[in-house]
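K.L.:
Got a structure for you, questions after.
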Amino acid sequence: MTQTDRLLPVNEAIDRLEVQIRSDRQDGTLVDPLIVGIHTGGVWVADALHRALGCSEPLGRLNITFYRDDFNTLGLHPQVSPSDLSVDVDGRDIILVDDVLFTGRTVRAAMNELFDYGRPRRIALAVLYQRDGRELPICADWAGQELNLGPDEQIHVDGPDPMTARLVSSKEG
Amino acid sequence: MAVKFVRPKIPKFAPDPWAIQFDEQGHLRHLLTIEGLGPQWITRILDTAEGFVSVTDREIKKVPLLRGRTVVNLFFESSTRTRTTFELAAKRLSADVLNLNLATSATKKGESLLDTLRNIEAMQADMFVVRHEQSGAAHFIARHVAPHVSVLNAGDGWHSHPTQALLDAFTIRRHKGDFTPLRVAIVGDIRHSRVARSQMHVLNSLNVGELRVIAPRTLLPTHIEKLGVRVFHDMREGLKDVDVIIMLRLQRERMEAGLLPSEEEFYRLYGLTEEKLAWAKPDAIVMHPGPANRGVEIESSVADGPQSVILEQVSNGIGVRMAVMSLCMSANRGENA
């Protein structure tokens with residue numbers, strides 16, 4: 001099996017995300033949004049956006065381990081840090097942030113968890129990279145970059161400092 | 001430090017009595033005793049519990065992890081706190097819970113333990129939480145259950161009470177962080193305490209700095225010094241420079257058995273009063289597995305005082321039991337070993 005790597009631009013993608021969100025915030029689509037990142041990569045992106053957008057309220061962090069749909073086949077995933085959402089989400093606009101949108105299952109789990117904290121007015125989705133391969137009817141509101149990838153290609157995001165993204169393709173042969 | 005434990009009377013299985021706790025992939029399937037878990041599994045349980053404790057702080061204190069699973073509480077011996085926290089843990093994981101109080105039911109009518117088990121298994125149970133007055137009961141059940149069923153020991157005889165010891169370690173870690181510089185003293189009826197035995201295993205596995213026991217000779221097991229502890233018979237000496245004090249419940253039967261002259265005598269010498277508490281470090285925490293006998297092993301003002309973490313232990317018990325349940329239910333499920 002051969003493996004080839006290609007670096008993806010991270011800062012440019014975050015900048016593009018920030019510009020899109022800023023413009024939606026200006027035209028009133030988003031009211032005083034609360035930023036919530038999904039562990040682990042999503043929290044790094046959310047942290048960058050949180051700083052860039054100058055939000056006053058603390059960043060929320062979701063660990064979706066307890067909401068995954070693969071417990072019956074894979075069991076409990078090893079823990080990262082617990083969820084931390086100190087601000088009341090009732091009636092709020094929430095920007096949910098992840099690093100890569102692929103099957104959509106992580107976002108489904110994150111939305112289920114968010115609703116156990118309260119009833120947001122609106123949830124919008126920001127991802128650094130949106131790729132093909134959706135298994136659920138979920139689409140990002142903003143994406144730093146769109147990618148059409150083959151079945152043997154994957155995006156690996158590492159961080160937090162510095163944050164890097166690699167396109168990894170593994171081919172048999 | 002090489003620690004050799006004197007094993008209480010449990011059925012002898014060859015070659016490793018604790019191997020039964022793991023499946024073929026080395027994943028935790030049953031929790032019967034702390035022995036054999038090692039620091040990695042203990043730490044993994046405590047880390048997982050951190051996530052669950054944060055769930056119990058929210059408005060909706062429930063996660064969908066064990067939806068569709070059935071947990072059966074098999075209590076052959078009465079218990080309030082342990083049974084209710086196991087029940088709450090299972091419910092917060094979205095499992096269905098069945099409480100069977102067998103101290104007053106079928107077994108008294110002559111049904112054998114195995115027959116009772118087979119009947120409950122036929123109700124499609126996925127997990128048994130077992131409390132029994134005989135040491136080794138949970139091991140026995142674990143050896144005979146269907147392959148998809150997990151068994152958790154909620155206390156067997158004088159042998160083991162692993163989830164209690166884990167929640168104690170969790171509570172200590174939340175207050176004190178690292179275990180290696182800590183001095184921990186366990187006070188009271190060590191001899192008849194499954195809690196104390198499990199605590200010693202957990203704390204030694206986590207490499208606690210110094211583990212002490214403080215008790216009269218009649219309430220200590222023989223060869224106690226082989227359990228990796230320092231033995232004290234005097235509270236003033238034993239509590240000096242201690243970071244954590246764990247008081248144990250003194251059962252009235254012990255007085256009747258002639259091991260102690262009187263409750264008053266015990267309280268005078270070993271009861272944790274404010275005066276004696278001052279002999280420990282000023283930031284020492286006071287723990288008790290409950291139910292506490294106020295005025296026998298602990299003074300009311302100490303149990304309710306600023307250094308007491310007794311009620312926190314109860315809340316932490318839910319998160320720790322949620323962690324153990326979900327980890328054991330992950331067994332036999334492929335790659336996440």
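Residues are named by chain letter and number: chains run A, B, ... in the order of the structure tokens, numbers start at 1 in each chain, and ligands are numbered from 1 in the order shown.
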Mind checking which residues fall within 12 Å of Ile138 of chain A, counting only C-alpha atoms, ignoring those fewer than 6 positions away in the same chain, and posting them as a PDB file with C-alpha atoms, in the first residue's frame?
P.N.:
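Produced file around.pdb, reproduced below:
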```pdb
ATOM      1  CA  LEU A 101     -17.690  17.476   7.176  1.00  0.00           C
ATOM      2  CA  PHE A 102     -17.723  13.962   5.716  1.00  0.00           C
ATOM      3  CA  THR A 103     -20.570  11.522   6.492  1.00  0.00           C
ATOM      4  CA  GLY A 104     -22.515  14.005   8.636  1.00  0.00           C
ATOM      5  CA  ARG A 105     -22.814  11.550  11.537  1.00  0.00           C
ATOM      6  CA  THR A 106     -20.662  13.617  13.902  1.00  0.00           C
ATOM      7  CA  VAL A 107     -22.818  16.700  13.274  1.00  0.00           C
ATOM      8  CA  ARG A 108     -25.982  14.662  13.864  1.00  0.00           C
ATOM      9  CA  ALA A 109     -24.575  13.506  17.222  1.00  0.00           C
ATOM     10  CA  MET A 111     -26.976  18.450  17.401  1.00  0.00           C
ATOM     11  CA  ILE A 123     -27.903  26.088  14.670  1.00  0.00           C
ATOM     12  CA  ALA A 124     -25.625  26.914  11.751  1.00  0.00           C
ATOM     13  CA  LEU A 125     -22.698  24.771  10.687  1.00  0.00           C
ATOM     14  CA  ALA A 126     -19.193  26.017   9.885  1.00  0.00           C
ATOM     15  CA  VAL A 127     -16.531  23.563   8.715  1.00  0.00           C
ATOM     16  CA  GLN A 130     -16.431  20.138   3.263  1.00  0.00           C
ATOM     17  CA  ARG A 131     -15.892  16.932   1.319  1.00  0.00           C
ATOM     18  CA  ASP A 132     -18.199  14.501  -0.483  1.00  0.00           C
TER      19      ASP A 132
END
```
K.L.:
Give the residues of chain A that lie within 9 Å of chain B; count only C-alpha atoms, and format the answer as number ranges by chain.
P.N.:
A: 63, 65-69, 71-84, 113, 115-118
K.L.:
Can you measure atom CA of Arg25 of chain A to atom CA of His156 of chain A for me? One decimal in Å is fine.
P.N.:
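Separation between atom CA of Arg25 of chain A and atom CA of His156 of chain A: 29.7 Å.
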K.L.:
Mind checking DSSP for chain A and telling me the helix (DSSP H, G or I) residues as a count of residues only?
P.N.:
48
K.L.:
Using only C-alpha atoms, pick whichever of A:Asn11, A:Ser86, A:Asn148, A:Thr40 has the shortest atom-to-atom distance to Leu167 of chain A.
P.N.:
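Of all the options, A:Asn148 lies closest to Leu167 of chain A.
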K.L.:
Residues near Leu59 of chain A, anyone? I mean within 8 Å using only C-alpha atoms, not counting same-chain ones fewer than 4 positions away, as a PyMOL selection string.
P.N.:
chain A and resi 34-37+46-47+50+85
K.L.:
Just asking: which residues within chain A are strand (DSSP E) according to DSSP, as a ChimeraX atom specification?
P.N.:
/A:2-8,34-38,60-62,93-101,122-131,142-147,153-158,164-171
K.L.:
Within 9 Å of Val10 of chain A, counting only C-alpha atoms, which residues qualify if same-chain residues fewer than 6 places away don't, as a list in words?
P.N.:
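That gives Leu128, Gly144, Met163, Thr164 and Ala165 of chain A.
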K.L.:
In Å to one decimal, how far is atom CA of Val242 of chain B from atom CA of Pro289 of chain B?
P.N.:
18.4 Å
K.L.:
Could you state the separation of atom CA of Asp283 of chain B and atom CA of Val244 of chain B in Å, given to one decimal place?
P.N.:
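Atom CA of Val244 of chain B lies at a distance of 8.8 Å from atom CA of Asp283 of chain B.
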